[in-house]
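Peer 1: Just one file: my_file.csv, with CSV, C-alpha atoms.
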```csv
chain,number,residue,atom,x,y,z
Q,1,MET,CA,-5.1,-43.2,5.4
Q,2,LYS,CA,-6.4,-40.3,3.2
Q,3,ARG,CA,-6.3,-42.6,0.2
Q,4,GLN,CA,-8.5,-45.2,2.0
Q,5,ILE,CA,-11.0,-42.6,2.9
Q,6,ILE,CA,-11.2,-41.5,-0.7
Q,7,ILE,CA,-11.7,-45.1,-1.8
Q,8,ILE,CA,-14.5,-45.6,0.8
Q,9,ILE,CA,-16.2,-42.4,-0.3
Q,10,ALA,CA,-16.0,-43.4,-4.0
Q,11,VAL,CA,-17.5,-46.8,-3.3
Q,12,VAL,CA,-20.3,-45.3,-1.3
Q,13,LEU,CA,-21.0,-42.7,-4.0
Q,14,VAL,CA,-21.1,-45.5,-6.7
Q,15,LEU,CA,-23.3,-47.9,-4.7
Q,16,LEU,CA,-25.7,-45.5,-2.9
Q,17,PRO,CA,-27.6,-44.3,-6.0
Q,18,SER,CA,-28.3,-47.8,-7.2
Q,19,THR,CA,-29.4,-48.9,-3.8
Q,20,LEU,CA,-31.7,-45.9,-3.4
Q,21,PHE,CA,-33.3,-46.1,-6.9
Q,22,SER,CA,-33.6,-49.9,-7.0
Q,23,GLN,CA,-36.1,-49.7,-4.2
Q,24,ASN,CA,-38.3,-47.2,-6.1
Q,25,LYS,CA,-39.2,-49.4,-9.0
Q,26,ILE,CA,-41.8,-52.0,-9.5
Q,27,LYS,CA,-40.2,-55.4,-10.2
Q,28,TRP,CA,-41.5,-56.3,-13.6
Q,29,TYR,CA,-41.5,-59.8,-14.9
Q,30,SER,CA,-42.3,-61.3,-18.3
Q,31,PHE,CA,-45.7,-63.1,-18.4
Q,32,GLU,CA,-43.9,-66.4,-18.6
Q,33,GLU,CA,-41.7,-65.7,-15.6
Q,34,ALA,CA,-44.6,-64.5,-13.4
Q,35,PHE,CA,-46.7,-67.6,-14.4
Q,36,GLU,CA,-43.9,-69.9,-13.4
Q,37,LEU,CA,-43.0,-68.0,-10.2
Q,38,ASN,CA,-46.6,-68.2,-9.2
Q,39,LYS,CA,-46.6,-72.0,-9.4
Q,40,LYS,CA,-43.7,-72.2,-6.9
Q,41,SER,CA,-44.6,-69.3,-4.6
Q,42,PRO,CA,-48.2,-68.1,-5.1
Q,43,LYS,CA,-49.0,-64.4,-5.3
Q,44,LYS,CA,-51.6,-62.6,-7.4
Q,45,ILE,CA,-50.5,-61.5,-10.8
Q,46,PHE,CA,-50.9,-58.0,-12.1
Q,47,ILE,CA,-50.5,-57.4,-15.9
Q,48,ASP,CA,-50.0,-54.0,-17.4
Q,49,VAL,CA,-51.1,-54.4,-21.0
Q,50,TYR,CA,-49.6,-51.6,-23.0
Q,51,THR,CA,-48.3,-50.6,-26.4
Q,52,ASP,CA,-45.2,-48.6,-27.4
Q,53,TRP,CA,-47.2,-45.8,-29.0
Q,54,CYS,CA,-49.6,-45.3,-26.1
Q,55,GLY,CA,-49.1,-42.0,-24.4
Q,56,TRP,CA,-51.3,-42.8,-21.4
Q,57,CYS,CA,-49.3,-46.0,-20.9
Q,58,LYS,CA,-46.1,-43.9,-20.7
Q,59,ARG,CA,-47.7,-41.5,-18.3
Q,60,MET,CA,-48.8,-44.4,-16.1
Q,61,ASP,CA,-45.1,-45.5,-16.0
Q,62,ALA,CA,-43.9,-42.0,-15.2
Q,63,THR,CA,-46.4,-41.2,-12.5
Q,64,THR,CA,-48.4,-44.0,-10.9
Q,65,PHE,CA,-46.0,-46.8,-11.3
Q,66,SER,CA,-43.2,-44.7,-9.8
Q,67,ASN,CA,-45.2,-43.6,-6.8
Q,68,PRO,CA,-43.3,-45.0,-3.7
Q,69,TYR,CA,-46.5,-46.4,-2.0
Q,70,ILE,CA,-47.6,-48.1,-5.3
Q,71,VAL,CA,-44.2,-49.5,-5.9
Q,72,GLU,CA,-43.9,-51.0,-2.4
Q,73,TYR,CA,-47.5,-52.4,-2.4
Q,74,MET,CA,-47.1,-54.0,-5.9
Q,75,ASN,CA,-43.8,-55.6,-5.1
Q,76,LYS,CA,-45.1,-57.1,-1.9
Q,77,HIS,CA,-48.5,-58.4,-3.2
Q,78,TYR,CA,-48.1,-59.1,-6.9
Q,79,TYR,CA,-45.9,-60.6,-9.6
Q,80,SER,CA,-46.2,-57.6,-11.9
Q,81,VAL,CA,-46.0,-58.1,-15.6
Q,82,LYS,CA,-45.4,-55.7,-18.5
Q,83,LEU,CA,-47.2,-57.2,-21.6
Q,84,ASN,CA,-46.7,-55.4,-24.9
Q,85,ALA,CA,-50.1,-56.1,-26.6
Q,86,GLU,CA,-48.3,-56.0,-30.0
Q,87,ARG,CA,-45.4,-58.2,-29.2
Q,88,VAL,CA,-44.3,-60.3,-32.1
Q,89,ASP,CA,-42.8,-63.4,-30.4
Q,90,THR,CA,-44.6,-66.7,-29.5
Q,91,VAL,CA,-45.6,-67.3,-25.9
Q,92,PHE,CA,-46.2,-70.7,-24.4
Q,93,VAL,CA,-48.3,-70.9,-21.3
Q,94,ASP,CA,-49.1,-74.4,-19.9
Q,95,GLY,CA,-48.7,-75.9,-23.3
Q,96,GLN,CA,-50.9,-73.4,-25.0
Q,97,MET,CA,-49.3,-71.3,-27.8
Q,98,PHE,CA,-50.1,-67.6,-28.3
Q,99,ILE,CA,-48.9,-65.7,-31.3
Q,100,ASN,CA,-49.2,-62.4,-33.1
Q,101,PRO,CA,-51.1,-63.4,-36.3
Q,102,ASN,CA,-49.7,-60.4,-38.2
Q,103,PRO,CA,-46.3,-59.6,-36.6
Q,104,ARG,CA,-45.2,-57.3,-39.5
Q,105,GLN,CA,-48.4,-55.3,-39.5
Q,106,ARG,CA,-48.5,-52.1,-37.4
Q,107,LYS,CA,-50.9,-52.3,-34.4
Q,108,SER,CA,-51.5,-56.0,-34.7
Q,109,SER,CA,-52.6,-57.5,-31.4
Q,110,HIS,CA,-50.9,-60.6,-29.9
Q,111,GLN,CA,-53.3,-63.4,-29.1
Q,112,LEU,CA,-52.3,-63.4,-25.4
Q,113,ALA,CA,-53.3,-59.7,-25.1
Q,114,VAL,CA,-56.6,-60.4,-26.9
Q,115,SER,CA,-57.3,-63.3,-24.6
Q,116,LEU,CA,-56.5,-61.4,-21.4
Q,117,LEU,CA,-58.5,-58.3,-22.4
Q,118,GLN,CA,-61.3,-60.5,-23.8
Q,119,GLY,CA,-61.1,-58.7,-27.1
Q,120,LYS,CA,-61.6,-55.2,-25.6
Q,121,MET,CA,-58.3,-53.7,-26.9
Q,122,SER,CA,-57.8,-50.5,-24.8
Q,123,TYR,CA,-54.5,-49.2,-23.5
Q,124,PRO,CA,-53.4,-49.1,-20.8
Q,125,SER,CA,-55.4,-51.9,-19.3
Q,126,TYR,CA,-54.7,-53.9,-16.2
Q,127,VAL,CA,-55.4,-57.6,-15.8
Q,128,PHE,CA,-55.7,-59.1,-12.3
Q,129,MET,CA,-55.2,-62.8,-11.8
Q,130,ASN,CA,-55.4,-64.8,-8.5
Q,131,GLU,CA,-52.8,-67.1,-7.0
Q,132,LYS,CA,-54.0,-70.0,-9.2
Q,133,ASN,CA,-53.3,-68.1,-12.4
Q,134,GLU,CA,-57.0,-67.6,-12.9
Q,135,TRP,CA,-58.3,-64.4,-14.6
Q,136,LEU,CA,-60.2,-62.1,-12.2
Q,137,THR,CA,-60.9,-58.9,-14.2
Q,138,VAL,CA,-59.6,-56.2,-16.4
Q,139,VAL,CA,-59.5,-52.5,-15.4
Q,140,PRO,CA,-58.9,-50.1,-18.2
Q,141,GLY,CA,-57.4,-46.6,-18.4
Q,142,TYR,CA,-54.9,-44.3,-16.9
Q,143,MET,CA,-55.2,-43.7,-13.1
Q,144,LYS,CA,-53.4,-41.4,-10.8
Q,145,PRO,CA,-52.0,-43.0,-7.6
Q,146,PRO,CA,-54.9,-42.1,-5.4
Q,147,ALA,CA,-57.4,-43.7,-7.8
Q,148,PHE,CA,-55.2,-46.7,-8.4
Q,149,GLU,CA,-54.6,-47.5,-4.7
Q,150,PRO,CA,-58.0,-48.9,-3.9
Q,151,VAL,CA,-58.0,-51.0,-7.1
Q,152,ILE,CA,-54.7,-52.8,-6.3
Q,153,ARG,CA,-55.6,-53.2,-2.7
Q,154,TYR,CA,-59.1,-54.6,-3.5
Q,155,PHE,CA,-57.5,-57.5,-5.2
Q,156,GLY,CA,-54.1,-57.6,-3.4
Q,157,ASP,CA,-55.8,-57.8,0.1
Q,158,GLY,CA,-58.3,-60.3,-1.1
Q,159,ASP,CA,-61.4,-58.1,-0.4
Q,160,TYR,CA,-62.8,-59.0,-3.8
Q,161,LEU,CA,-63.6,-62.4,-2.3
Q,162,ASN,CA,-66.0,-60.9,0.3
Q,163,LYS,CA,-67.3,-57.6,-1.0
Q,164,ASN,CA,-68.4,-56.2,-4.3
Q,165,TRP,CA,-66.4,-53.2,-5.6
Q,166,GLU,CA,-69.1,-50.6,-4.8
Q,167,GLU,CA,-69.3,-51.7,-1.2
Q,168,TYR,CA,-65.5,-51.9,-0.8
Q,169,ASN,CA,-64.9,-48.5,-2.4
Q,170,LYS,CA,-67.5,-46.7,-0.1
Q,171,THR,CA,-65.5,-47.7,3.0
Q,172,PHE,CA,-62.0,-47.6,1.6
Q,173,LYS,CA,-59.4,-45.7,3.7
Q,174,ALA,CA,-56.6,-44.4,1.5
Q,175,ASP,CA,-53.0,-44.3,2.4
Q,176,ILE,CA,-52.1,-42.1,-0.5
Q,177,VAL,CA,-53.1,-38.5,-0.3
Q,178,GLU,CA,-53.0,-36.2,-3.3
```
As structure tokens, how would this structure be written, given the file I've shared?
Peer 2:
Amino acid sequence: MKRQIIIIIAVVLVLLPSTLFSQNKIKWYSFEEAFELNKKSPKKIFIDVYTDWCGWCKRMDATTFSNPYIVEYMNKHYYSVKLNAERVDTVFVDGQMFINPNPRQRKSSHQLAVSLLQGKMSYPSYVFMNEKNEWLTVVPGYMKPPAFEPVIRYFGDGDYLNKNWEEYNKTFKADIVE
């Protein structure tokens, strides 16, 4: 009996941390995965365009993207994508090919990142797309969770269809308090 209790406790201790921590992370997809998922089960797409050398990108990961409210909201309303703006591989999207023209050169931007950011290469930047995989806008820069919440909700809740940003932001009621 004692041995069975020890085994049960051991199993719980092994499984509990993974269960607790798996719920506290944004589910990140590749661009290709999100695009395909969206065709089958439509959701908005959120794209975090980052680089490996970007300190503010790392800070966004460590703070805002780990905030429990942000995590829950993003996982429910978006297919979230991490897109390294300097990736070196080829990406095919609906038959269109995107490459990094200088993959061996440091800080060479991938064509997909250039296209999504409309040539305004600033990191981190966040691209919002609708359920039809159509580009909506880019929002640049690091944001703390209270500043990020209205942005993701503006698009995630569909308010961008009925109100301009200024109108929306004036009446926004936050769930996150700093």
Peer 1: At a cut-off of 10 Å, using all atoms listed in the file, what residues contact range 118-135 of chain Q? Leave out same-chain residues fewer than 5 positions from it and give the result as a PyMOL selection string.
Peer 2: chain Q and resi 34-36+38-39+41-51+53-60+78-83+85+109+111-113+140-143+151-152+155-156+158
Peer 1: Just give me the gap between CA of Pro146 in chain Q and CA of Leu117 in chain Q in Å, one decimal is fine.
Peer 2: 23.8 Å
Peer 1: How many Å separate CA of Tyr154 in chain Q from CA of Ile176 in chain Q?
Peer 2: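 Answer for the CA of Tyr154 in chain Q to CA of Ile176 in chain Q separation: 14.6 Å.
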Peer 1: CA of Thr171 in chain Q and CA of Leu136 in chain Q are how many Å apart?
Peer 2: 21.6 Å
Peer 1: Which one of Q:Asn24, Q:Gln96, Q:Asn102, Q:Ser30 sits closest to Phe65 in chain Q if you count only C-alpha atoms?
Peer 2: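 Between Q:Asn24, Q:Gln96, Q:Asn102, Q:Ser30, the residue approaching Phe65 in chain Q most closely is Q:Asn24.
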Peer 1: With a distance cut-off of 9 Å and all atoms listed in the file, select the neighbouring residues of Lys25 in chain Q, excluding the residue or stretch itself and same-chain residues fewer than 5 positions from it, and output the selection as a list of chain:residue names.
Peer 2: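 That gives Q:Phe65, Q:Ser66, Q:Asn67, Q:Pro68, Q:Val71, Q:Glu72, Q:Asn75.
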Peer 1: Keeping only C-alpha atoms, write those residues as a compact mmCIF listing (two decimals), in the coordinates of the input.
Peer 2:
```
# COMPACT_ATOMS: atom_id res chain seq x y z
CA PHE Q 65 -46.00 -46.80 -11.30
CA SER Q 66 -43.20 -44.70 -9.80
CA ASN Q 67 -45.20 -43.60 -6.80
CA PRO Q 68 -43.30 -45.00 -3.70
CA VAL Q 71 -44.20 -49.50 -5.90
CA GLU Q 72 -43.90 -51.00 -2.40
CA ASN Q 75 -43.80 -55.60 -5.10
```
Peer 1: With distances taken over all atoms listed in the file, which residue among Q:Phe92, Q:Phe31, Q:Tyr168, Q:Phe98 lies nearest Arg153 in chain Q?
Peer 2: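 Closest residue, counting all atoms listed in the file: Q:Tyr168.
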Peer 1: Of the candidates Q:Leu161, Q:Ile70, Q:Ala174, Q:Val88, which one gets nearest to Arg104 in chain Q if we count all atoms listed in the file?
Peer 2: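 Looking only at the distances to Arg104 in chain Q, the closest residue turns out to be Q:Val88.
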Peer 1: Identify which of the residues Q:Glu32, Q:Arg106, Q:Asp61, Q:Asp94 lies closest to Lys144 in chain Q, counting all atoms listed in the file when measuring atom-to-atom distances.
Peer 2: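 For Lys144 in chain Q, the nearest of the given residues is Q:Asp61.
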Peer 1: For range 86-118 of chain Q, which lacks atoms in the input, supply N, CA and C atoms and format the output as a JSON list (two decimals), in the frame of the given file.
Peer 2:
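Everything below was put into result_23.json:
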```json
[["chain", "number", "residue", "atom", "x", "y", "z"],
["Q", 86, "GLU", "N", -48.66, -55.77, -28.58],
["Q", 86, "GLU", "CA", -48.30, -56.00, -30.00],
["Q", 86, "GLU", "C", -46.98, -56.73, -30.13],
["Q", 87, "ARG", "N", -46.61, -57.47, -29.09],
["Q", 87, "ARG", "CA", -45.40, -58.20, -29.20],
["Q", 87, "ARG", "C", -45.44, -59.20, -30.34],
["Q", 88, "VAL", "N", -44.28, -59.53, -30.88],
["Q", 88, "VAL", "CA", -44.30, -60.30, -32.10],
["Q", 88, "VAL", "C", -43.81, -61.79, -31.86],
["Q", 89, "ASP", "N", -43.32, -62.09, -30.67],
["Q", 89, "ASP", "CA", -42.80, -63.40, -30.40],
["Q", 89, "ASP", "C", -43.95, -64.38, -29.97],
["Q", 90, "THR", "N", -43.65, -65.65, -29.96],
["Q", 90, "THR", "CA", -44.60, -66.70, -29.50],
["Q", 90, "THR", "C", -44.46, -66.88, -28.03],
["Q", 91, "VAL", "N", -45.61, -67.06, -27.38],
["Q", 91, "VAL", "CA", -45.60, -67.30, -25.90],
["Q", 91, "VAL", "C", -46.30, -68.64, -25.69],
["Q", 92, "PHE", "N", -45.66, -69.46, -24.85],
["Q", 92, "PHE", "CA", -46.20, -70.70, -24.40],
["Q", 92, "PHE", "C", -46.61, -70.65, -22.98],
["Q", 93, "VAL", "N", -47.87, -70.94, -22.67],
["Q", 93, "VAL", "CA", -48.30, -70.90, -21.30],
["Q", 93, "VAL", "C", -49.07, -72.25, -21.06],
["Q", 94, "ASP", "N", -48.52, -73.06, -20.17],
["Q", 94, "ASP", "CA", -49.10, -74.40, -19.90],
["Q", 94, "ASP", "C", -49.44, -75.16, -21.14],
["Q", 95, "GLY", "N", -48.52, -75.18, -22.07],
["Q", 95, "GLY", "CA", -48.70, -75.90, -23.30],
["Q", 95, "GLY", "C", -49.56, -75.27, -24.36],
["Q", 96, "GLN", "N", -50.12, -74.13, -24.05],
["Q", 96, "GLN", "CA", -50.90, -73.40, -25.00],
["Q", 96, "GLN", "C", -50.05, -72.35, -25.71],
["Q", 97, "MET", "N", -50.15, -72.24, -27.03],
["Q", 97, "MET", "CA", -49.30, -71.30, -27.80],
["Q", 97, "MET", "C", -50.15, -70.06, -28.15],
["Q", 98, "PHE", "N", -49.52, -68.90, -27.94],
["Q", 98, "PHE", "CA", -50.10, -67.60, -28.30],
["Q", 98, "PHE", "C", -49.16, -66.91, -29.26],
["Q", 99, "ILE", "N", -49.69, -66.37, -30.35],
["Q", 99, "ILE", "CA", -48.90, -65.70, -31.30],
["Q", 99, "ILE", "C", -49.47, -64.34, -31.71],
["Q", 100, "ASN", "N", -48.70, -63.57, -32.42],
["Q", 100, "ASN", "CA", -49.20, -62.40, -33.10],
["Q", 100, "ASN", "C", -49.47, -62.81, -34.51],
["Q", 101, "PRO", "N", -50.75, -62.86, -34.94],
["Q", 101, "PRO", "CA", -51.10, -63.40, -36.30],
["Q", 101, "PRO", "C", -50.50, -62.55, -37.42],
["Q", 102, "ASN", "N", -50.23, -61.29, -37.18],
["Q", 102, "ASN", "CA", -49.70, -60.40, -38.20],
["Q", 102, "ASN", "C", -48.53, -59.60, -37.66],
["Q", 103, "PRO", "N", -47.44, -60.26, -37.33],
["Q", 103, "PRO", "CA", -46.30, -59.60, -36.60],
["Q", 103, "PRO", "C", -45.70, -58.43, -37.40],
["Q", 104, "ARG", "N", -45.84, -58.40, -38.70],
["Q", 104, "ARG", "CA", -45.20, -57.30, -39.50],
["Q", 104, "ARG", "C", -46.19, -56.15, -39.69],
["Q", 105, "GLN", "N", -47.43, -56.34, -39.33],
["Q", 105, "GLN", "CA", -48.40, -55.30, -39.50],
["Q", 105, "GLN", "C", -48.45, -54.40, -38.26],
["Q", 106, "ARG", "N", -48.46, -53.10, -38.50],
["Q", 106, "ARG", "CA", -48.50, -52.10, -37.40],
["Q", 106, "ARG", "C", -49.83, -52.27, -36.63],
["Q", 107, "LYS", "N", -49.76, -52.19, -35.33],
["Q", 107, "LYS", "CA", -50.90, -52.30, -34.40],
["Q", 107, "LYS", "C", -51.65, -53.61, -34.52],
["Q", 108, "SER", "N", -50.89, -54.68, -34.72],
["Q", 108, "SER", "CA", -51.50, -56.00, -34.70],
["Q", 108, "SER", "C", -51.39, -56.59, -33.29],
["Q", 109, "SER", "N", -52.51, -57.01, -32.76],
["Q", 109, "SER", "CA", -52.60, -57.50, -31.40],
["Q", 109, "SER", "C", -52.16, -58.94, -31.24],
["Q", 110, "HIS", "N", -51.38, -59.20, -30.22],
["Q", 110, "HIS", "CA", -50.90, -60.60, -29.90],
["Q", 110, "HIS", "C", -52.13, -61.33, -29.29],
["Q", 111, "GLN", "N", -52.22, -62.60, -29.58],
["Q", 111, "GLN", "CA", -53.30, -63.40, -29.10],
["Q", 111, "GLN", "C", -53.41, -63.45, -27.57],
["Q", 112, "LEU", "N", -52.27, -63.40, -26.88],
["Q", 112, "LEU", "CA", -52.30, -63.40, -25.40],
["Q", 112, "LEU", "C", -52.98, -62.14, -24.90],
["Q", 113, "ALA", "N", -52.67, -61.00, -25.50],
["Q", 113, "ALA", "CA", -53.30, -59.70, -25.10],
["Q", 113, "ALA", "C", -54.80, -59.78, -25.38],
["Q", 114, "VAL", "N", -55.17, -60.28, -26.54],
["Q", 114, "VAL", "CA", -56.60, -60.40, -26.90],
["Q", 114, "VAL", "C", -57.33, -61.26, -25.94],
["Q", 115, "SER", "N", -56.72, -62.38, -25.58],
["Q", 115, "SER", "CA", -57.30, -63.30, -24.60],
["Q", 115, "SER", "C", -57.50, -62.67, -23.26],
["Q", 116, "LEU", "N", -56.44, -62.05, -22.75],
["Q", 116, "LEU", "CA", -56.50, -61.40, -21.40],
["Q", 116, "LEU", "C", -57.47, -60.28, -21.33],
["Q", 117, "LEU", "N", -57.55, -59.50, -22.42],
["Q", 117, "LEU", "CA", -58.50, -58.30, -22.40],
["Q", 117, "LEU", "C", -59.84, -58.70, -22.98],
["Q", 118, "GLN", "N", -60.05, -59.97, -23.26],
["Q", 118, "GLN", "CA", -61.30, -60.50, -23.80],
["Q", 118, "GLN", "C", -61.76, -59.68, -25.02]]
```
